[in-house]
Each structure stands twice: as structure tokens, then as C-alpha cells.
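Student: Below you will find the structure I want to go over with you.
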Amino acid sequence: MAEAEQIGASVVKQDAPPLLEPQSAEGIAEVEERLPERQYCVFRTGRERFCVSVLDVEEVVEWPSLTRVPLAPAFLMGIFNLRGAIVPIIDIAFTEGRRADLPPRHVVVASLNQGPEQEILRMGIAADEVIGTYTTSDPLLVDEAPRDVPHCCGMLRHEDRLALALDLKRMTEAFPVGAI
């Protein structure tokens with residue numbers, strides 16, 4: 001009987017999966033490749049799709065009441081009050097000649113931390129349509145980025161299209177609104 005118990009126990013031991021299986025180098029590399037997922041807010045402005053890292057997006061709001069700024073550059077649509085903070089709204093599609101009878105419907109409010117002793121710079125980006133968020137572990141397509149768009153740092157494959165990835169630091173250089 002003791003032999004039967006031992007045989008049964010050894011059968012159970014052989015059938016039970018090991019608690020810790022050593023992983024192959026390929027399995028570890030596969031896990032490491034999948035780890036750096038990034039999430040983007042994807043929106044359309046004019047005829048182009050754009051995206052911003054969700055870590056840089058504070059919120060998306062419906063089109064607010066604007067205050068026009070006299071003698072402002074063409075890309076500055078105006079400013080609005082977001083819970084006590086004055087936020088300039090930039091129209092990055094102004095070069096396409098946005099139709100005046102079709103105002104944007106949303107504002108993507110992004111923030112740029114300029115350093116430990118400087119204030120956070122908030123800017124609103126006029127958006128005709130907010131498509132949603134998109135999570136990917138694929139890198140941005142940097143080589144395919146258009147050279148004539150200085151505020152673009154790469155391209156993101158989103159569904160069957162490409163979205164221009166915005167670099168907020170470059171945006172402040174291309175669309176200087178920090179004085180507001």
C-alpha cells in the first residue's frame with residue numbers, strides 16, 4: 001500500500017507544472033520589447049491627423065468662448081479661461097486656410113513643464129475632431145516625418161492612416177505664445 005501511495009505521489013509530481021520555469025533569452029527579449037507602451041491622444045485639425053502623448057495632455061474641452069487678442073499672429077485664435085488659468089488656443093491648421101464658417105469643435109489642452117523654477121506652459125490646440133486615445137509599443141516613424149513641419153517629431157501609425165506626432169517644445173518655438 002505504501003508503494004501505491006508513493007507511485008501515486010510520483011505521478012502527481014510528474015503531472016504538476018513546475019512552479020518557476022526558466023525562461024529563454026527569446027522569451028525575455030519578447031517581454032522587454034512589449035513593455036514600453038505609449039499612449040497618444042489622436043485628433044484631426046484641418047485635413048491632418050495629429051497626436052500628442054497623453055502624459056502631455058491635461059484635458060480635452062468643448063470649444064469655449066474665446067477672447068480675441070488684438071494684433072495677434074494668424075495662428076493664435078484667442079485665449080480662454082480654464083478654471084482660472086489663461087490658455088492660448090493655437091490653430092496649427094492655419095496654413096491650410098481653415099474655412100471661417102467651420103470653427104473647431106474641441107480644444108486639446110496640453111502642458112509643457114519648462115523646468116523646476118518656471119511655470120508650466122499651457123496651450124490649447126484647436127481640433128476639429130478628437131478621434132480618441134491609442135496605445136502602441138511601436139516607435140514613432142521619425143525618418144518619415146515631414147521636414148517642413150517644424151513642430152512634428154515623427155509619425156504614428158494609427159489604424160490605416162498616419163498621424164503627425166507633435167513635440168510641445170518645438171511647438172512653442174514654431175508658435176510662440178509664452179508671452180500671453
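The chains in the C-alpha cells are called A, B, ... from first to last as shown; in each chain the residues are counted from 1, and the ligands are counted from 1 in the order shown.
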Write out as a ChimeraX atom specification each polymer residue whose atoms come within 9 Å of A:Val60, counting only C-alpha atoms; drop sequence neighbours fewer than 3 positions from it.

Tutor: /A:57,106-110,124,130

Student: Write out the residues from the selection above, keeping C-alpha atoms, as a PDB file, in the first residue's frame.

Tutor:
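The resulting out-v6.pdb:
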```
ATOM      1  CA  VAL A  57      -2.469  66.327 -22.345  1.00  0.00           C
ATOM      2  CA  HIS A 106     -12.646  70.951 -29.396  1.00  0.00           C
ATOM      3  CA  VAL A 107      -9.518  72.179 -27.670  1.00  0.00           C
ATOM      4  CA  VAL A 108      -6.767  69.755 -26.688  1.00  0.00           C
ATOM      5  CA  VAL A 109      -5.159  71.409 -23.660  1.00  0.00           C
ATOM      6  CA  ALA A 110      -1.533  70.364 -23.413  1.00  0.00           C
ATOM      7  CA  GLY A 124      -4.725  74.805 -26.366  1.00  0.00           C
ATOM      8  CA  VAL A 130     -10.962  64.157 -31.320  1.00  0.00           C
TER       9      VAL A 130
END
```

Student: Within 8 Å of stretch 153-162 of chain A, counting only C-alpha atoms, which residues qualify if same-chain residues fewer than 6 places away don't, as a PDB file with N, CA and C atoms, in the first residue's frame?

Tutor:
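Result file is part-v5.pdb:
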```pdb
ATOM      1  N   ARG A  49      -4.221  64.481 -39.371  1.00  0.00           N
ATOM      2  CA  ARG A  49      -4.328  63.883 -38.042  1.00  0.00           C
ATOM      3  C   ARG A  49      -3.060  64.206 -37.277  1.00  0.00           C
ATOM      4  N   CYS A  51      -1.148  63.810 -33.150  1.00  0.00           N
ATOM      5  CA  CYS A  51      -1.216  63.105 -31.870  1.00  0.00           C
ATOM      6  C   CYS A  51      -0.241  63.751 -30.897  1.00  0.00           C
ATOM      7  N   TYR A 134      -4.877  56.137 -28.281  1.00  0.00           N
ATOM      8  CA  TYR A 134      -4.317  54.991 -28.996  1.00  0.00           C
ATOM      9  C   TYR A 134      -3.071  54.545 -28.251  1.00  0.00           C
ATOM     10  N   PRO A 139       7.548  52.181 -32.210  1.00  0.00           N
ATOM     11  CA  PRO A 139       8.196  53.504 -32.139  1.00  0.00           C
ATOM     12  C   PRO A 139       7.600  54.448 -33.177  1.00  0.00           C
ATOM     13  N   LEU A 140       7.762  55.736 -32.937  1.00  0.00           N
ATOM     14  CA  LEU A 140       7.337  56.723 -33.922  1.00  0.00           C
ATOM     15  C   LEU A 140       8.204  56.588 -35.167  1.00  0.00           C
ATOM     16  N   LEU A 141       7.629  56.871 -36.307  1.00  0.00           N
ATOM     17  CA  LEU A 141       8.364  56.837 -37.569  1.00  0.00           C
ATOM     18  C   LEU A 141       9.036  58.194 -37.748  1.00  0.00           C
ATOM     19  N   VAL A 142      10.271  58.305 -37.281  1.00  0.00           N
ATOM     20  CA  VAL A 142      10.969  59.584 -37.279  1.00  0.00           C
ATOM     21  C   VAL A 142      11.465  59.945 -38.675  1.00  0.00           C
ATOM     22  N   ASP A 143      11.979  58.977 -39.405  1.00  0.00           N
ATOM     23  CA  ASP A 143      12.531  59.255 -40.734  1.00  0.00           C
ATOM     24  C   ASP A 143      11.462  59.701 -41.721  1.00  0.00           C
ATOM     25  N   GLU A 144      10.225  59.275 -41.510  1.00  0.00           N
ATOM     26  CA  GLU A 144       9.140  59.620 -42.422  1.00  0.00           C
ATOM     27  C   GLU A 144       8.490  60.963 -42.099  1.00  0.00           C
ATOM     28  N   ALA A 145       8.885  61.581 -40.998  1.00  0.00           N
ATOM     29  CA  ALA A 145       8.276  62.844 -40.585  1.00  0.00           C
ATOM     30  C   ALA A 145       8.571  63.939 -41.603  1.00  0.00           C
ATOM     31  N   PRO A 146       7.579  64.763 -41.918  1.00  0.00           N
ATOM     32  CA  PRO A 146       7.810  65.837 -42.890  1.00  0.00           C
ATOM     33  C   PRO A 146       8.793  66.871 -42.342  1.00  0.00           C
TER      34      PRO A 146
END
```

Student: Calculated over only C-alpha atoms, which of the candidates A:Pro150, A:Arg105, A:Glu58, A:Phe75 has the smallest distance to A:Ala165?

Tutor: A:Pro150

Student: Show which residues sit within 9 Å of A:Asp128, as a PDB file with all heavy atoms, in the first residue's frame. Count only C-alpha atoms, and ignore same-chain residues fewer than 4 positions away.

Tutor:
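Output contents, as saved in out-v1.pdb:
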```pdb
ATOM      1  N   PHE A  43      -6.136  63.335 -32.773  1.00  0.00           N
ATOM      2  CA  PHE A  43      -7.183  64.267 -33.174  1.00  0.00           C
ATOM      3  C   PHE A  43      -6.919  64.763 -34.588  1.00  0.00           C
ATOM      4  O   PHE A  43      -5.821  64.611 -35.124  1.00  0.00           O
ATOM      5  CB  PHE A  43      -7.286  65.446 -32.193  1.00  0.00           C
ATOM      6  CG  PHE A  43      -5.996  66.202 -32.003  1.00  0.00           C
ATOM      7  CD1 PHE A  43      -5.744  67.358 -32.729  1.00  0.00           C
ATOM      8  CD2 PHE A  43      -5.052  65.774 -31.084  1.00  0.00           C
ATOM      9  CE1 PHE A  43      -4.568  68.058 -32.551  1.00  0.00           C
ATOM     10  CE2 PHE A  43      -3.873  66.466 -30.894  1.00  0.00           C
ATOM     11  CZ  PHE A  43      -3.628  67.620 -31.632  1.00  0.00           C
ATOM     12  N   ARG A  44      -7.957  65.345 -35.168  1.00  0.00           N
ATOM     13  CA  ARG A  44      -7.853  65.895 -36.524  1.00  0.00           C
ATOM     14  C   ARG A  44      -7.999  67.402 -36.462  1.00  0.00           C
ATOM     15  O   ARG A  44      -8.873  67.938 -35.797  1.00  0.00           O
ATOM     16  CB  ARG A  44      -8.948  65.305 -37.421  1.00  0.00           C
ATOM     17  CG  ARG A  44      -8.846  65.761 -38.879  1.00  0.00           C
ATOM     18  CD  ARG A  44      -9.946  65.166 -39.734  1.00  0.00           C
ATOM     19  NE  ARG A  44     -11.291  65.477 -39.251  1.00  0.00           N
ATOM     20  CZ  ARG A  44     -11.911  66.635 -39.433  1.00  0.00           C
ATOM     21  NH1 ARG A  44     -11.308  67.617 -40.072  1.00  0.00           N
ATOM     22  NH2 ARG A  44     -13.128  66.831 -38.963  1.00  0.00           N
ATOM     23  N   THR A  45      -7.114  68.061 -37.175  1.00  0.00           N
ATOM     24  CA  THR A  45      -7.157  69.512 -37.328  1.00  0.00           C
ATOM     25  C   THR A  45      -6.992  69.799 -38.805  1.00  0.00           C
ATOM     26  O   THR A  45      -5.975  69.428 -39.389  1.00  0.00           O
ATOM     27  CB  THR A  45      -6.041  70.178 -36.515  1.00  0.00           C
ATOM     28  OG1 THR A  45      -6.255  69.911 -35.141  1.00  0.00           O
ATOM     29  CG2 THR A  45      -6.015  71.671 -36.715  1.00  0.00           C
ATOM     30  N   GLY A  46      -7.982  70.419 -39.400  1.00  0.00           N
ATOM     31  CA  GLY A  46      -7.938  70.611 -40.845  1.00  0.00           C
ATOM     32  C   GLY A  46      -8.025  69.254 -41.523  1.00  0.00           C
ATOM     33  O   GLY A  46      -8.864  68.430 -41.180  1.00  0.00           O
ATOM     34  N   LEU A 102     -16.518  77.072 -40.533  1.00  0.00           N
ATOM     35  CA  LEU A 102     -16.388  75.794 -39.816  1.00  0.00           C
ATOM     36  C   LEU A 102     -15.379  75.928 -38.674  1.00  0.00           C
ATOM     37  O   LEU A 102     -14.231  75.517 -38.799  1.00  0.00           O
ATOM     38  CB  LEU A 102     -15.936  74.679 -40.769  1.00  0.00           C
ATOM     39  CG  LEU A 102     -16.921  74.255 -41.829  1.00  0.00           C
ATOM     40  CD1 LEU A 102     -16.285  73.237 -42.759  1.00  0.00           C
ATOM     41  CD2 LEU A 102     -18.171  73.670 -41.200  1.00  0.00           C
ATOM     42  N   PRO A 103     -15.793  76.509 -37.576  1.00  0.00           N
ATOM     43  CA  PRO A 103     -14.852  76.646 -36.461  1.00  0.00           C
ATOM     44  C   PRO A 103     -14.554  75.280 -35.841  1.00  0.00           C
ATOM     45  O   PRO A 103     -15.348  74.342 -35.971  1.00  0.00           O
ATOM     46  CB  PRO A 103     -15.594  77.550 -35.470  1.00  0.00           C
ATOM     47  CG  PRO A 103     -17.031  77.319 -35.772  1.00  0.00           C
ATOM     48  CD  PRO A 103     -17.115  77.049 -37.242  1.00  0.00           C
ATOM     49  N   PRO A 104     -13.421  75.149 -35.170  1.00  0.00           N
ATOM     50  CA  PRO A 104     -13.096  73.889 -34.492  1.00  0.00           C
ATOM     51  C   PRO A 104     -14.142  73.557 -33.434  1.00  0.00           C
ATOM     52  O   PRO A 104     -14.869  74.439 -32.958  1.00  0.00           O
ATOM     53  CB  PRO A 104     -11.742  74.164 -33.854  1.00  0.00           C
ATOM     54  CG  PRO A 104     -11.206  75.348 -34.568  1.00  0.00           C
ATOM     55  CD  PRO A 104     -12.379  76.138 -35.024  1.00  0.00           C
ATOM     56  N   ARG A 105     -14.224  72.292 -33.056  1.00  0.00           N
ATOM     57  CA  ARG A 105     -15.215  71.865 -32.073  1.00  0.00           C
ATOM     58  C   ARG A 105     -14.607  71.554 -30.707  1.00  0.00           C
ATOM     59  O   ARG A 105     -15.335  71.470 -29.722  1.00  0.00           O
ATOM     60  CB  ARG A 105     -15.967  70.643 -32.592  1.00  0.00           C
ATOM     61  CG  ARG A 105     -16.744  70.962 -33.841  1.00  0.00           C
ATOM     62  CD  ARG A 105     -17.633  69.872 -34.313  1.00  0.00           C
ATOM     63  NE  ARG A 105     -17.236  68.543 -33.897  1.00  0.00           N
ATOM     64  CZ  ARG A 105     -17.720  67.426 -34.378  1.00  0.00           C
ATOM     65  NH1 ARG A 105     -18.641  67.473 -35.292  1.00  0.00           N
ATOM     66  NH2 ARG A 105     -17.309  66.260 -33.954  1.00  0.00           N
ATOM     67  N   HIS A 106     -13.288  71.341 -30.649  1.00  0.00           N
ATOM     68  CA  HIS A 106     -12.646  70.951 -29.396  1.00  0.00           C
ATOM     69  C   HIS A 106     -11.332  71.702 -29.217  1.00  0.00           C
ATOM     70  O   HIS A 106     -10.773  72.228 -30.171  1.00  0.00           O
ATOM     71  CB  HIS A 106     -12.340  69.449 -29.379  1.00  0.00           C
ATOM     72  CG  HIS A 106     -13.521  68.586 -29.630  1.00  0.00           C
ATOM     73  ND1 HIS A 106     -14.436  68.278 -28.661  1.00  0.00           N
ATOM     74  CD2 HIS A 106     -13.951  67.961 -30.751  1.00  0.00           C
ATOM     75  CE1 HIS A 106     -15.369  67.497 -29.176  1.00  0.00           C
ATOM     76  NE2 HIS A 106     -15.097  67.292 -30.444  1.00  0.00           N
ATOM     77  N   VAL A 107     -10.848  71.668 -27.995  1.00  0.00           N
ATOM     78  CA  VAL A 107      -9.518  72.179 -27.670  1.00  0.00           C
ATOM     79  C   VAL A 107      -8.791  71.082 -26.901  1.00  0.00           C
ATOM     80  O   VAL A 107      -9.296  70.596 -25.883  1.00  0.00           O
ATOM     81  CB  VAL A 107      -9.576  73.469 -26.812  1.00  0.00           C
ATOM     82  CG1 VAL A 107      -8.168  73.930 -26.446  1.00  0.00           C
ATOM     83  CG2 VAL A 107     -10.325  74.559 -27.525  1.00  0.00           C
TER      84      VAL A 107
END
```

Student: What is the atom CA of A:Pro88-atom CA of A:Ala126 distance in Å, reported with one decimal?

Tutor: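 So the answer is 10.0 Å.
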
Student: Can you tell me which residues surround A:Glu37 at a distance of at most 8 Å, considering only C-alpha atoms, apart from same-chain residues fewer than 3 positions away, and format the answer as a ChimeraX atom specification?

Tutor: /A:34,135-138

Student: Tell me, which residues of stretch 21-150 of chain A carry DSSP alpha helix (DSSP H), written as a list of chain:residue names?

Tutor: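 Selecting the alpha helix (DSSP H) positions of stretch 21-150 of chain A gives A:Ala25, A:Glu26, A:Gly27, A:Ile28, A:Ala29, A:Glu30, A:Val31, A:Glu32, A:Glu33, A:Arg34.
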
Student: At most 10 Å is the cut-off: for each residue in stretch 28-109 of chain A with any atom that close to an atom of stretch 169-177 of chain A, write down the nearest atom pair and the distance in Å rounded to one decimal, counting only C-alpha atoms, chain first then increasing number, as JSON lines.

Tutor:
```
{"residue": "A:Ala72", "atom": "CA", "partner": "A:Val177", "partner_atom": "CA", "distance": 9.6}
{"residue": "A:Pro73", "atom": "CA", "partner": "A:Phe175", "partner_atom": "CA", "distance": 8.9}
{"residue": "A:Ala74", "atom": "CA", "partner": "A:Phe175", "partner_atom": "CA", "distance": 9.9}
{"residue": "A:Phe75", "atom": "CA", "partner": "A:Phe175", "partner_atom": "CA", "distance": 7.3}
{"residue": "A:Leu76", "atom": "CA", "partner": "A:Val177", "partner_atom": "CA", "distance": 7.9}
{"residue": "A:Val87", "atom": "CA", "partner": "A:Val177", "partner_atom": "CA", "distance": 9.6}
{"residue": "A:Pro88", "atom": "CA", "partner": "A:Val177", "partner_atom": "CA", "distance": 7.0}
{"residue": "A:Ile89", "atom": "CA", "partner": "A:Val177", "partner_atom": "CA", "distance": 9.1}
{"residue": "A:Ile90", "atom": "CA", "partner": "A:Phe175", "partner_atom": "CA", "distance": 7.5}
{"residue": "A:Asp91", "atom": "CA", "partner": "A:Phe175", "partner_atom": "CA", "distance": 9.3}
{"residue": "A:Ile92", "atom": "CA", "partner": "A:Phe175", "partner_atom": "CA", "distance": 8.6}
```

Student: Please identify all polymer residues within 7 Å of A:Leu112, counting only C-alpha atoms, omitting same-chain residues fewer than 4 positions from it, and present them as a list in words.

Tutor: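 My list of contacting residues is Asp56, Ile120, Leu121, Arg122 and Leu168 of chain A.
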
Student: Got time to write the residues from that selection, C-alpha atoms, as a PDB file, in the first residue's frame?

Tutor:
```pdb
ATOM      1  CA  ASP A  56       1.316  65.937 -22.024  1.00  0.00           C
ATOM      2  CA  ILE A 120       4.041  75.081 -16.564  1.00  0.00           C
ATOM      3  CA  LEU A 121       3.134  76.411 -20.001  1.00  0.00           C
ATOM      4  CA  ARG A 122      -0.401  75.503 -21.063  1.00  0.00           C
ATOM      5  CA  LEU A 168       5.373  70.592 -27.474  1.00  0.00           C
TER       6      LEU A 168
END
```

Student: Nearest residue to A:Ser65 out of A:Ile131, A:Leu164, A:Val42, A:Leu82, using only C-alpha atoms?

Tutor: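 Closest to A:Ser65 of all the choices is A:Leu82.
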